[in-house]
$ cat query.tsv   # TSV, C-alpha atoms and all ligand atoms
chain	number	residue	atom	x	y	z
A	1	MET	CA	16.43	-38.28	-22.01
A	2	THR	CA	13.67	-37.89	-19.49
A	3	ASP	CA	11.10	-40.66	-19.47
A	4	TRP	CA	8.12	-38.42	-18.78
A	5	ALA	CA	5.85	-41.43	-18.30
A	6	GLN	CA	7.67	-42.02	-15.00
A	7	VAL	CA	7.81	-38.45	-13.74
A	8	VAL	CA	5.08	-37.14	-11.46
A	9	ASP	CA	4.10	-33.50	-11.17
A	10	ALA	CA	2.91	-31.63	-8.07
A	11	HIS	CA	-0.56	-33.18	-8.51
A	12	GLY	CA	0.88	-36.69	-8.65
A	13	ALA	CA	0.02	-36.92	-12.34
A	14	VAL	CA	2.18	-37.81	-15.34
A	15	GLY	CA	1.97	-36.75	-18.96
A	16	ARG	CA	0.73	-33.16	-18.92
A	17	VAL	CA	4.04	-31.42	-18.24
A	18	PRO	CA	5.86	-32.45	-21.45
A	19	LEU	CA	2.83	-31.41	-23.52
A	20	LEU	CA	2.69	-28.04	-21.80
A	21	LEU	CA	6.43	-27.54	-22.31
A	22	ASP	CA	5.92	-28.29	-26.00
A	23	GLN	CA	3.24	-25.61	-26.12
A	24	VAL	CA	5.28	-22.88	-24.45
A	25	GLU	CA	8.32	-23.75	-26.53
A	26	ARG	CA	6.23	-23.27	-29.68
A	27	LYS	CA	4.66	-20.15	-28.13
A	28	GLU	CA	1.28	-21.62	-29.00
A	29	ALA	CA	-0.62	-21.18	-25.80
A	30	PRO	CA	0.35	-18.48	-23.30
A	31	GLU	CA	-2.24	-19.90	-20.87
A	32	ALA	CA	-0.14	-23.06	-20.67
A	33	TRP	CA	2.14	-21.15	-18.26
A	34	ASP	CA	-0.62	-21.10	-15.62
A	35	GLU	CA	-0.97	-24.87	-15.73
A	36	LEU	CA	2.80	-25.31	-15.75
A	37	TRP	CA	3.07	-23.23	-12.58
A	38	ASP	CA	0.29	-25.29	-11.03
A	39	ARG	CA	1.93	-28.61	-11.90
A	40	LEU	CA	5.57	-27.66	-11.30
A	41	CYS	CA	5.40	-25.18	-8.42
A	42	LEU	CA	2.00	-25.57	-6.79
A	43	HIS	CA	0.99	-22.49	-4.76
A	44	GLY	CA	4.41	-21.08	-5.60
A	45	GLU	CA	6.20	-23.58	-3.40
A	46	THR	CA	5.38	-27.28	-3.80
A	47	VAL	CA	7.71	-28.95	-6.26
A	48	ALA	CA	7.80	-32.49	-7.63
A	49	VAL	CA	10.15	-34.72	-9.62
A	50	ALA	CA	8.69	-33.27	-12.83
A	51	SER	CA	9.71	-29.78	-11.68
A	52	PHE	CA	13.38	-30.72	-11.71
A	53	ALA	CA	12.99	-32.73	-14.91
A	54	ALA	CA	11.56	-29.61	-16.58
A	55	LEU	CA	14.45	-27.36	-15.52
A	56	PRO	CA	16.66	-27.96	-18.59
A	57	ARG	CA	13.84	-27.02	-20.94
A	58	LEU	CA	12.85	-23.99	-18.85
A	59	ALA	CA	16.48	-22.89	-18.64
A	60	ALA	CA	16.76	-23.09	-22.42
A	61	LEU	CA	13.80	-20.69	-22.72
A	62	ALA	CA	14.83	-18.42	-19.87
A	63	SER	CA	17.07	-15.94	-21.66
A	64	ALA	CA	14.21	-14.85	-23.94
A	65	CYS	CA	11.27	-15.56	-21.66
A	66	THR	CA	10.77	-13.99	-18.23
A	67	GLN	CA	8.06	-16.51	-17.32
A	68	ALA	CA	10.45	-19.40	-17.87
A	69	LEU	CA	13.13	-17.72	-15.76
A	70	GLU	CA	10.67	-17.00	-12.94
A	71	LEU	CA	9.25	-20.51	-12.90
A	72	ALA	CA	12.68	-22.14	-13.05
A	73	SER	CA	13.89	-19.92	-10.19
A	74	ALA	CA	10.80	-20.69	-8.13
A	75	ILE	CA	11.41	-24.42	-8.60
A	76	VAL	CA	15.00	-24.05	-7.39
A	77	ARG	CA	13.75	-22.06	-4.39
A	78	GLY	CA	11.61	-25.08	-3.52
A	79	THR	CA	14.50	-27.54	-3.60
A	80	LEU	CA	14.51	-28.31	0.13
A	81	ARG	CA	10.75	-28.81	0.16
A	82	HIS	CA	11.20	-32.04	-1.80
A	83	PRO	CA	12.93	-34.99	-0.10
A	84	ASP	CA	15.07	-35.65	-3.20
A	85	GLY	CA	15.33	-32.02	-4.25
A	86	GLU	CA	19.04	-31.55	-3.75
A	87	ALA	CA	19.88	-34.80	-5.54
A	88	LEU	CA	17.56	-33.96	-8.43
A	89	LEU	CA	18.99	-30.47	-8.74
A	90	ALA	CA	22.52	-31.86	-8.73
A	91	GLY	CA	21.60	-33.52	-12.03
A	92	CYS	CA	21.52	-30.21	-13.89
A	93	PRO	CA	24.44	-28.06	-12.68
A	94	ASN	CA	24.92	-26.28	-16.01
A	95	GLU	CA	21.30	-25.17	-16.12
A	96	VAL	CA	21.50	-23.85	-12.57
A	97	ASP	CA	24.65	-21.89	-13.44
A	98	ARG	CA	22.96	-20.47	-16.51
A	99	LEU	CA	19.86	-19.44	-14.54
A	100	ARG	CA	22.05	-17.84	-11.88
A	101	GLU	CA	23.85	-15.85	-14.56
A	102	LEU	CA	20.53	-14.67	-16.05
A	103	VAL	CA	19.16	-13.59	-12.67
A	104	ASP	CA	22.42	-11.82	-11.91
A	105	GLN	CA	22.17	-9.93	-15.21
A	106	LYS	CA	18.63	-8.86	-14.33
A	107	LEU	CA	19.72	-7.66	-10.91
A	108	ARG	CA	22.30	-5.38	-12.54
A	109	THR	CA	19.43	-3.55	-14.23
A	110	ARG	CA	18.07	-2.70	-10.74
A	111	PRO	CA	14.50	-3.94	-11.33
A	112	ALA	CA	11.57	-2.88	-9.15
A	113	ASP	CA	11.23	-6.40	-7.74
A	114	TYR	CA	14.91	-6.49	-6.76
A	115	SER	CA	14.49	-8.22	-3.41
A	116	ARG	CA	12.45	-11.12	-4.85
A	117	LEU	CA	15.02	-11.63	-7.61
A	118	PHE	CA	17.79	-11.38	-5.04
A	119	CYS	CA	16.19	-14.29	-3.17
A	120	ASP	CA	16.02	-16.21	-6.47
A	121	LEU	CA	19.75	-15.62	-6.84
A	122	LEU	CA	20.37	-16.88	-3.30
A	123	ALA	CA	18.52	-20.13	-4.06
A	124	LEU	CA	20.40	-20.58	-7.33
A	125	ALA	CA	23.62	-20.17	-5.34
A	126	GLY	CA	22.50	-22.92	-2.94
A	127	GLN	CA	21.65	-20.49	-0.11
A	128	TYR	CA	18.14	-21.89	0.40
A	129	HIS	CA	17.92	-20.80	3.99
A	130	TRP	CA	18.62	-17.15	3.22
A	131	SER	CA	16.52	-17.33	0.08
A	132	ALA	CA	13.53	-18.33	2.19
A	133	SER	CA	14.07	-15.95	5.08
A	134	LEU	CA	15.71	-12.76	3.87
A	135	GLY	CA	13.40	-9.77	3.58
A	136	ASP	CA	14.08	-6.36	2.11
A	137	PHE	CA	14.95	-4.82	5.49
A	138	ALA	CA	12.13	-2.31	5.34
A	139	ASP	CA	10.48	-4.01	8.30
A	140	ASP	CA	12.16	-7.33	9.04
A	141	PHE	CA	12.03	-9.47	12.15
A	142	TYR	CA	13.94	-12.68	12.73
A	143	ALA	CA	13.23	-14.99	15.64
A	144	VAL	CA	16.35	-16.65	17.01
A	145	SER	CA	17.22	-18.55	20.11
A	146	CYS	CA	20.12	-17.32	22.26
A	147	PRO	CA	22.89	-19.96	21.96
A	148	ASP	CA	23.73	-19.52	25.66
A	149	CYS	CA	20.46	-19.26	27.57
A	150	GLU	CA	18.02	-20.32	24.81
A	151	ALA	CA	15.85	-17.26	25.38
A	152	GLU	CA	13.76	-16.44	22.35
A	153	VAL	CA	15.22	-13.23	20.97
A	154	THR	CA	13.59	-11.04	18.33
A	155	ILE	CA	16.03	-9.43	15.92
A	156	ALA	CA	14.65	-6.35	14.20
A	157	VAL	CA	16.29	-4.81	11.14
A	158	GLY	CA	14.34	-2.05	9.50
A	159	ASN	CA	13.03	1.46	9.59
A	160	HIS	CA	11.84	1.08	13.18
A	161	GLY	CA	15.34	0.29	14.36
A	162	CYS	CA	17.98	-2.41	14.46
A	163	TYR	CA	17.89	-4.18	17.78
A	164	ALA	CA	17.65	-7.42	19.73
A	165	ALA	CA	14.67	-7.61	22.08
A	166	ILE	CA	12.37	-9.87	24.01
A	167	ARG	CA	8.95	-9.86	22.39
A	168	ASP	CA	6.17	-9.32	24.87
A	169	TRP	CA	2.59	-9.83	23.74
A	170	ASP	CA	1.36	-6.83	25.71
A	171	GLN	CA	4.30	-4.46	25.73
A	172	GLY	CA	5.85	-5.17	22.33
A	173	ASP	CA	9.62	-5.44	21.98
A	174	ILE	CA	11.16	-4.81	25.38
A	175	GLU	CA	14.72	-4.78	26.73
A	176	ARG	CA	16.03	-3.61	23.40
A	177	ARG	CA	19.74	-3.84	22.72
A	178	PRO	CA	21.33	-2.23	19.68
A	179	LEU	CA	22.70	-4.69	17.11
A	180	ARG	CA	26.37	-4.73	16.23
A	181	PRO	CA	26.69	-4.80	12.44
A	182	VAL	CA	29.82	-6.33	10.96
A	183	PRO	CA	32.00	-3.97	8.88
A	184	ALA	CA	31.68	-4.88	5.19
A	185	GLU	CA	35.38	-5.74	4.92
A	186	GLU	CA	35.04	-8.31	7.72
A	187	LEU	CA	32.10	-10.19	6.18
A	188	GLY	CA	32.67	-13.84	5.36
A	189	ASP	CA	30.73	-15.76	2.71
A	190	PRO	CA	27.88	-15.99	1.99
A	191	GLY	CA	27.40	-12.57	3.60
A	192	ARG	CA	30.33	-11.10	1.68
A	193	TRP	CA	29.06	-11.84	-1.82
A	194	MET	CA	25.47	-11.07	-0.83
A	195	HIS	CA	26.61	-7.66	0.40
A	196	ALA	CA	28.85	-7.11	-2.64
A	197	THR	CA	25.98	-7.92	-5.02
A	198	ALA	CA	23.53	-5.57	-3.30
A	199	ASP	CA	26.18	-2.86	-3.08
A	200	ARG	CA	27.09	-3.27	-6.76
A	201	ASP	CA	23.45	-2.70	-7.69
A	202	GLY	CA	22.99	0.37	-5.49
A	203	GLN	CA	20.69	-1.42	-3.02
A	204	GLN	CA	21.96	0.36	0.06
A	205	ARG	CA	19.20	-0.72	2.45
A	206	LEU	CA	19.70	-4.37	1.51
A	207	ALA	CA	23.50	-4.09	1.74
A	208	GLU	CA	23.25	-2.46	5.18
A	209	GLY	CA	20.72	-5.03	6.39
A	210	ILE	CA	23.09	-7.83	5.41
A	211	ARG	CA	25.79	-6.26	7.61
A	212	TYR	CA	23.32	-6.43	10.49
A	213	VAL	CA	22.08	-10.02	10.06
A	214	PHE	CA	25.66	-11.23	9.63
A	215	GLY	CA	26.68	-9.18	12.65
A	216	ARG	CA	26.19	-9.81	16.36
A	217	ALA	CA	23.49	-9.27	18.93
A	218	GLU	CA	23.49	-8.99	22.69
A	219	CYS	CA	20.97	-11.32	24.31
A	220	PRO	CA	18.65	-9.18	26.47
A	221	ALA	CA	18.15	-12.12	28.85
A	222	CYS	CA	21.73	-13.17	29.63
A	223	GLY	CA	23.96	-10.51	28.09
A	224	ASN	CA	25.82	-13.01	25.90
A	225	VAL	CA	26.86	-11.59	22.52
A	226	PHE	CA	26.18	-14.01	19.68
A	227	ASN	CA	26.40	-14.28	15.90
A	228	ILE	CA	22.92	-13.65	14.51
A	229	ALA	CA	23.36	-15.49	11.19
A	230	GLU	CA	24.64	-18.62	12.95
A	231	ALA	CA	21.78	-18.61	15.45
A	232	HIS	CA	19.25	-18.01	12.70
A	233	THR	CA	20.65	-20.73	10.44
A	234	THR	CA	20.70	-23.23	13.29
A	235	ALA	CA	17.05	-22.49	14.01
A	236	ASN	CA	16.01	-22.85	10.36
A	237	VAL	CA	18.26	-25.44	8.78
A	238	ARG	CA	15.35	-26.95	6.89
A	239	PRO	CA	11.89	-25.61	6.30
A	240	ALA	CA	9.07	-27.69	7.70
A	241	PRO	CA	7.92	-30.32	5.18
A	301	ZN	ZN	20.87	-15.44	26.34
$ encode --input "query.tsv" --output "structure tokens"
Amino acid sequence: MTDWAQVVDAHGAVGRVPLLLDQVERKEAPEAWDELWDRLCLHGETVAVASFAALPRLAALASACTQALELASAIVRGTLRHPDGEALLAGCPNEVDRLRELVDQKLRTRPADYSRLFCDLLALAGQYHWSASLGDFADDFYAVSCPDCEAEVTIAVGNHGCYAAIRDWDQGDIERRPLRPVPAEELGDPGRWMHATADRDGQQRLAEGIRYVFGRAECPACGNVFNIAEAHTTANVRPAP
């Protein structure tokens, strides 16, 4: 059992979270959700020990309560923002699996907020880096560093084109080189299951975008062809604290 007297929330306080969980479990006070968000996922990103301690109770509510599912997913998305996040999350593997299943079920219904839920799914699958950085490929830019010459390369994937370029403050994206998307059948994980999930749910733009970010780019500065996902992951292994 959790000793809530020892567990601090995102405000450094103890005691309020278990009371608020009691209230939402009894459906007494819908406004308690606002304070729960504030104490467990401050500004939608700052998590605390109490956030992870609350996950089992949120997961138990999540199948019947969208707010519980959203808050639990947001907490998991914040895992790397807490120094002990991964260790704390490792304490509730069954709840994480359950949440992942629920989010996956929602994705199959092709909801309007598909790309946000997709990033929830990525976090619940342990893909925190992609959860934090993947867009919807309407208008996405990724800054990477060329592994050979270390030039800063802008990768664009969206309606304006799919290219590698050097970003110039005055002239915009110059020296553009077309990206080389990977064929779906050659994708390795996590790109393979990300693509398969988006494809399953009829999200063609997302599925196509995944083939691009897991594909290769030619560096406009040195001509070296490199793996975009590897360069991007190396540059963003952990978010800034
Ligand atoms: Zn280069």
$ closest_residue --input "query.tsv" --among "A:Asn224, A:Thr46, A:Gln105, A:Ser115" --to "ligand ZN 301 (chain A)" --atoms "all atoms listed in the file"
A:Asn224
$ closest_atom_pairs --input "query.tsv" --of "chain A" --to "ligand ZN 301 (chain A)" --cutoff "8 Å" --atoms "all atoms listed in the file" --output "CSV"
residue,atom,partner,partner_atom,distance
A:Ser145,CA,A:ZN301,ZN,7.9
A:Cys146,CA,A:ZN301,ZN,4.6
A:Pro147,CA,A:ZN301,ZN,6.6
A:Asp148,CA,A:ZN301,ZN,5.0
A:Cys149,CA,A:ZN301,ZN,4.0
A:Glu150,CA,A:ZN301,ZN,5.9
A:Ala151,CA,A:ZN301,ZN,5.4
A:Glu218,CA,A:ZN301,ZN,7.9
A:Cys219,CA,A:ZN301,ZN,4.6
A:Pro220,CA,A:ZN301,ZN,6.6
A:Ala221,CA,A:ZN301,ZN,5.0
A:Cys222,CA,A:ZN301,ZN,4.1
A:Gly223,CA,A:ZN301,ZN,6.1
A:Asn224,CA,A:ZN301,ZN,5.5
$ closest_residue --input "query.tsv" --among "A:His232, A:Gln203, A:Arg26, A:Leu58" --to "Asp113 (chain A)" --atoms "only C-alpha atoms"
A:Gln203
$ atom_distance --input "query.tsv" --atom1 "CA of Ser51 (chain A)" --atom2 "CA of Leu19 (chain A)"
13.8 Å
$ closest_residue --input "query.tsv" --among "A:Gly85, A:Arg205, A:Gly215, A:Leu121" --to "Glu186 (chain A)" --atoms "all atoms listed in the file"
A:Gly215
$ residues_around --input "query.tsv" --residues "Pro190 (chain A)" --least-positions-apart "4" --cutoff "9 Å" --atoms "only C-alpha atoms" --output "list in words"
Gln127, Met194 and His195 of chain A
$ atom_distance --input "query.tsv" --atom1 "CA of Ala53 (chain A)" --atom2 "CA of Thr2 (chain A)"
6.9 Å
$ atom_distance --input "query.tsv" --atom1 "CA of Ala62 (chain A)" --atom2 "CA of Val7 (chain A)"
22.1 Å
$ closest_residue --input "query.tsv" --among "A:Thr66, A:Gln23, A:Thr79, A:Thr109" --to "Cys41 (chain A)" --atoms "all atoms listed in the file"
A:Thr79
$ closest_residue --input "query.tsv" --among "A:Ala138, A:Val225, A:Ala60, A:Ala198" --to "Arg180 (chain A)" --atoms "all atoms listed in the file"
A:Val225
$ closest_residue --input "query.tsv" --among "A:Cys119, A:Pro18, A:Glu28, A:Asp34" --to "Ser73 (chain A)" --atoms "all atoms listed in the file"
A:Cys119
$ residues_around --input "query.tsv" --residues "Trp193 (chain A)" --least-positions-apart "3" --cutoff "12 Å" --atoms "all atoms listed in the file" --output "list in words"
Phe118, Leu121, Leu122, Ala125, Gln127, Ala184, Glu185, Glu186, Leu187, Gly188, Asp189, Pro190, Ala196, Thr197, Ala198, Asp199, Arg200, Ala207, Ile210, Arg211 and Phe214 of chain A
$ residues_around --input "query.tsv" --residues "Leu124 (chain A)" --least-positions-apart "4" --cutoff "10 Å" --atoms "all atoms listed in the file" --output "ChimeraX atom specification"
/A:72-77,79,95-101,103,118-120,128,131
$ residues_near_point --input "query.tsv" --point "(2.1, -21.6, -12.4)" --cutoff "12 Å" --atoms "all atoms listed in the file" --output "number ranges by chain"
A: 10, 17, 20, 30-47, 51, 67-68, 70-72, 74-75
$ decode --input "query.tsv" --residues "region 49-80 of chain A" --atoms "N, CA and C atoms" --output "tab-separated table (two decimals), in the first residue's frame"
chain	number	residue	atom	x	y	z
A	49	VAL	N	6.53	12.18	-7.43
A	49	VAL	CA	6.39	10.80	-6.94
A	49	VAL	C	4.91	10.44	-6.81
A	50	ALA	N	4.10	11.40	-6.35
A	50	ALA	CA	2.67	11.13	-6.19
A	50	ALA	C	1.99	10.77	-7.51
A	51	SER	N	2.53	11.32	-8.62
A	51	SER	CA	1.93	11.03	-9.93
A	51	SER	C	2.00	9.54	-10.22
A	52	PHE	N	3.17	8.96	-9.96
A	52	PHE	CA	3.34	7.53	-10.23
A	52	PHE	C	2.58	6.69	-9.21
A	53	ALA	N	2.53	7.19	-7.96
A	53	ALA	CA	1.78	6.46	-6.93
A	53	ALA	C	0.29	6.44	-7.24
A	54	ALA	N	-0.18	7.46	-7.97
A	54	ALA	CA	-1.61	7.53	-8.30
A	54	ALA	C	-1.98	6.68	-9.51
A	55	LEU	N	-0.98	6.23	-10.28
A	55	LEU	CA	-1.27	5.53	-11.53
A	55	LEU	C	-2.18	4.31	-11.37
A	56	PRO	N	-1.95	3.45	-10.36
A	56	PRO	CA	-2.84	2.29	-10.24
A	56	PRO	C	-4.32	2.68	-10.06
A	57	ARG	N	-4.55	3.72	-9.28
A	57	ARG	CA	-5.95	4.13	-9.07
A	57	ARG	C	-6.51	4.80	-10.31
A	58	LEU	N	-5.70	5.58	-11.02
A	58	LEU	CA	-6.17	6.18	-12.27
A	58	LEU	C	-6.42	5.11	-13.33
A	59	ALA	N	-5.54	4.12	-13.38
A	59	ALA	CA	-5.70	3.04	-14.37
A	59	ALA	C	-6.98	2.26	-14.10
A	60	ALA	N	-7.32	2.11	-12.83
A	60	ALA	CA	-8.54	1.37	-12.49
A	60	ALA	C	-9.78	2.12	-12.96
A	61	LEU	N	-9.70	3.45	-13.01
A	61	LEU	CA	-10.83	4.27	-13.46
A	61	LEU	C	-10.87	4.42	-14.98
A	62	ALA	N	-9.74	4.16	-15.62
A	62	ALA	CA	-9.54	4.64	-17.00
A	62	ALA	C	-10.47	4.03	-18.03
A	63	SER	N	-10.93	2.82	-17.83
A	63	SER	CA	-11.76	2.22	-18.88
A	63	SER	C	-13.11	2.91	-18.97
A	64	ALA	N	-13.58	3.49	-17.85
A	64	ALA	CA	-14.89	4.14	-17.85
A	64	ALA	C	-14.78	5.66	-17.79
A	65	CYS	N	-13.57	6.18	-17.71
A	65	CYS	CA	-13.42	7.61	-17.46
A	65	CYS	C	-12.29	8.17	-18.32
A	66	THR	N	-12.65	8.95	-19.32
A	66	THR	CA	-11.65	9.53	-20.24
A	66	THR	C	-10.66	10.41	-19.50
A	67	GLN	N	-11.15	11.17	-18.50
A	67	GLN	CA	-10.23	12.06	-17.77
A	67	GLN	C	-9.13	11.27	-17.07
A	68	ALA	N	-9.50	10.13	-16.51
A	68	ALA	CA	-8.50	9.31	-15.83
A	68	ALA	C	-7.48	8.77	-16.82
A	69	LEU	N	-7.96	8.35	-18.00
A	69	LEU	CA	-7.06	7.82	-19.02
A	69	LEU	C	-6.11	8.92	-19.52
A	70	GLU	N	-6.65	10.12	-19.72
A	70	GLU	CA	-5.81	11.21	-20.22
A	70	GLU	C	-4.76	11.64	-19.19
A	71	LEU	N	-5.17	11.71	-17.94
A	71	LEU	CA	-4.22	12.12	-16.90
A	71	LEU	C	-3.15	11.04	-16.71
A	72	ALA	N	-3.57	9.79	-16.67
A	72	ALA	CA	-2.59	8.70	-16.50
A	72	ALA	C	-1.60	8.70	-17.66
A	73	SER	N	-2.10	8.90	-18.88
A	73	SER	CA	-1.21	8.91	-20.05
A	73	SER	C	-0.25	10.09	-19.99
A	74	ALA	N	-0.77	11.24	-19.56
A	74	ALA	CA	0.09	12.43	-19.47
A	74	ALA	C	1.20	12.22	-18.44
A	75	ILE	N	0.88	11.54	-17.35
A	75	ILE	CA	1.90	11.24	-16.33
A	75	ILE	C	2.99	10.36	-16.95
A	76	VAL	N	2.57	9.33	-17.68
A	76	VAL	CA	3.56	8.43	-18.29
A	76	VAL	C	4.41	9.19	-19.32
A	77	ARG	N	3.79	10.11	-20.03
A	77	ARG	CA	4.56	10.93	-20.98
A	77	ARG	C	5.63	11.74	-20.27
A	78	GLY	N	5.41	12.07	-19.00
A	78	GLY	CA	6.37	12.86	-18.25
A	78	GLY	C	7.43	12.06	-17.54
A	79	THR	N	7.47	10.76	-17.78
A	79	THR	CA	8.37	9.87	-17.03
A	79	THR	C	9.82	10.37	-16.98
A	80	LEU	N	10.35	10.78	-18.14
A	80	LEU	CA	11.77	11.15	-18.16
A	80	LEU	C	12.03	12.53	-17.56
